[in-house]
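Enquirer: Have a look at this one.
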Amino acid sequence: MCLHALGERLGFRIIAPDRPGFGRSTPQPGRGLLDWPPVVAAIADHLGLKKFALMGISGGGPYVLATAWALGSRVRAVCLCCTAVPTHLPETRRGLHAAYRGLLKLNEAAPSGVRAALCALAWTMRIPIPTALLHLSLKWLLPKPDAAALSDRAMFDLFAPSYRAAMRAGGGALYEDGHPYTVPWPFAVEEIRVPVRMWHGTQDANFQIDLARKLAARLGNVTFFERDEGHYSIAFRCAEEMLRDLRSLL
């Protein structure tokens, strides 16, 4: 189910701004994680929201944590789903997807190579690829829970267009978006005081669950939920459970 429709049914008003360089949002070269909280605060002020909850999925997780750290008094609760983790430590990288490990290693040796690869990826995503071929590729490349979830036409129809829209601004914007994940986070997660709910799949191939457990151990006020899901399937299959749990905090 679309998160917007599910949120409406459960009494949430979901506001989902694009990060700079994603969708139709203007790129912001050189930005970092702590450039995002003022954006969230400005949006909330514009909409007359004094307090609010935050939800971050995958790469949105670090941005949500940065916002909870910076705007703690305004954030009522945080929900993290299959969140990205700090990647600058060698022991952390062993638990990342092979593609991420390769990009990080290449970025250290030749950043221009990563830019070229991301530009090629963004260009490729503009090519109409037959749905049957995409489904076959996902079946072979993804863990079983992810492949099964994305074989559902309704879920696939949400997933594929969102990837294409994210790459609308091209590979340069993708590179700028990826940079904050490659350096130490500029805040201490141990200082976050708001309630945090973390949801992670035991079959997550992007960020292995041990990495999520280690991140959770650094948070003082956290509840950790493990599900037999992959990186993508948990966001689809557990959405209602996550939102109901978040609502219980509010």
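How things are named: the first chain in the structure tokens is A, the next is B, and so on; residues count from 1 in each chain; ligands count from 1 in the order shown.
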Taking only region 164-230 of chain A into account, list the residues labelled alpha helix (DSSP H) by DSSP (computed from the backbone), as an NGL selection string.

Expert: :A and (164-166 or 171-178 or 209-217)

Enquirer: List the neighbours of His4 (chain A) out to 10 Å using only C-alpha atoms; skip same-chain residues closer than 6 positions along the sequence, and give me the result as a list in words.

Expert: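 Contacts, in chain order: Leu10, Phe12, Arg13, Ile14, Ile15 and Ala16 of chain A.
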
Enquirer: So that I can see what lies close to Val196 (chain A), please list as a list of chain:residue names the residues with an atom at most 6 Å from it, counting only C-alpha atoms and leaving out residues fewer than 3 positions away in the same chain.

Expert: A:Val78, A:Cys79, A:Val222

Enquirer: Those residues with C-alpha atoms, as an mmCIF file, in the first residue's frame please?

Expert:
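Dumped everything to result.cif:
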data_model
loop_
_atom_site.group_PDB
_atom_site.id
_atom_site.type_symbol
_atom_site.label_atom_id
_atom_site.label_comp_id
_atom_site.auth_asym_id
_atom_site.auth_seq_id
_atom_site.Cartn_x
_atom_site.Cartn_y
_atom_site.Cartn_z
ATOM 1 C CA VAL A 78 11.801 8.620 15.282
ATOM 2 C CA CYS A 79 11.179 5.565 13.125
ATOM 3 C CA VAL A 222 15.688 2.769 21.288
#

Enquirer: Which residues, written as a list in words, have at least one atom at most 12 Å from Ile192 (chain A), with only C-alpha atoms counted and residues fewer than 5 positions away on the same chain left out?

Expert: Val64, Leu65, Ala66, Thr67, Ala68, Trp69, Ala70, Leu71, Gly72, Ser73, Val75, Arg76, Ala77, Val78, Phe187, Ala216, Arg218, Leu219, Gly220, Asn221 and Val222 of chain A

Enquirer: Write out, as a tab-separated table, each residue of region 132-237 of chain A that has an atom at most 9 Å from region 26-29 of chain A, together with the closest pair of atoms and their distance in Å to one decimal, counting only C-alpha atoms, rows going by chain and rising number.

Expert:
residue	atom	partner	partner_atom	distance
A:Ala169	CA	A:Pro27	CA	7.7
A:Gly172	CA	A:Pro27	CA	8.9
A:Ala173	CA	A:Pro27	CA	6.0
A:Glu176	CA	A:Pro29	CA	6.0
A:Asp177	CA	A:Pro29	CA	8.5

Enquirer: Neighbouring residues of region 200-210 of chain A were defined as those with any atom within 10 Å, considering only C-alpha atoms; residues of the same chain fewer than 3 positions away were excluded. Please report them as a ChimeraX atom specification.

Expert: /A:58,80-85,87,92-100,142-146,213-216,224-235

Enquirer: I want to know what sits within 9 Å of Leu3 (chain A), based on only C-alpha atoms, with residues of the same chain fewer than 4 positions away left out; could you give that as a VMD selection string?

Expert: chain A and resid 7 to 8 14 236 239 to 240

Enquirer: Excluding same-chain residues fewer than 4 positions from His179 (chain A), what lies within 8 Å of it counting only C-alpha atoms, as a PyMOL selection string?

Expert: chain A and resi 32+175+183

Enquirer: Next, dump the selected residues to file, keeping only N, CA and C atoms, as a compact mmCIF listing (two decimals), in the first residue's frame.

Expert:
# COMPACT_ATOMS: atom_id res chain seq x y z
N GLY A 32 26.09 18.50 3.81
CA GLY A 32 26.31 17.39 4.73
C GLY A 32 25.03 17.08 5.49
N TYR A 175 26.19 11.79 -6.83
CA TYR A 175 27.49 11.76 -6.15
C TYR A 175 27.47 12.68 -4.93
N VAL A 183 31.77 9.75 5.06
CA VAL A 183 32.59 10.43 6.07
C VAL A 183 31.93 10.23 7.44

Enquirer: For Leu174 (chain A), which of A:Gly61, A:Gly56, A:Gly23, A:Pro90 is the closest residue, counting only C-alpha atoms?

Expert: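 So, comparing all the options, the nearest one is A:Gly23.
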
Enquirer: Point out the residue among A:Pro62, A:Asp45, A:Leu243, A:Ser25 with the least atom-to-atom distance to Ala212 (chain A), counting only C-alpha atoms.

Expert: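 Checking each candidate against Ala212 (chain A), we get A:Pro62 as the closest.
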
Enquirer: By how many Å are CA of Pro86 (chain A) and CA of Phe156 (chain A) apart?

Expert: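 Those two atoms sit 28.5 Å apart.
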
Enquirer: So that I can check the secondary structure, give me every residue of region 17-230 of chain A assigned strand (DSSP E) by backbone DSSP, as a list of chain:residue names.

Expert: A:Phe52, A:Ala53, A:Leu54, A:Met55, A:Gly56, A:Ile57, A:Val75, A:Arg76, A:Ala77, A:Val78, A:Cys79, A:Leu80, A:Cys81, A:Val196, A:Arg197, A:Met198, A:Trp199, A:His200, A:Gly201, A:Val222, A:Thr223, A:Phe224, A:Phe225, A:Glu226, A:Arg227

Enquirer: Can you work out which one of A:Ala41, A:Asp18, A:Met242, A:Gly178 has the shortest atom-to-atom distance to Ser162 (chain A), counting only C-alpha atoms?

Expert: A:Asp18

Enquirer: Tell me which of A:Ala110, A:Leu249, A:Ala122, A:Leu6 sits closest to Pro195 (chain A), counting only C-alpha atoms.

Expert: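 Result for the nearest residue to Pro195 (chain A): A:Leu249.
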
Enquirer: Of the candidates A:Leu103, A:Leu89, A:Leu47, A:Met55, which one gets nearest to Pro184 (chain A) if we count only C-alpha atoms?

Expert: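 With only C-alpha atoms as the atom set, the closest residue is A:Leu89.
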
Enquirer: What does the distance from CA of Leu33 (chain A) to CA of Trp185 (chain A) come to in Å, to one decimal?

Expert: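 Between CA of Leu33 (chain A) and CA of Trp185 (chain A) the gap works out to 7.4 Å.
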
Enquirer: Check the smallest atom-to-atom distance from each of A:Pro20, A:Pro37, A:Arg164, A:Leu250 to Thr124 (chain A) using only C-alpha atoms, then report the winner.

Expert: A:Arg164
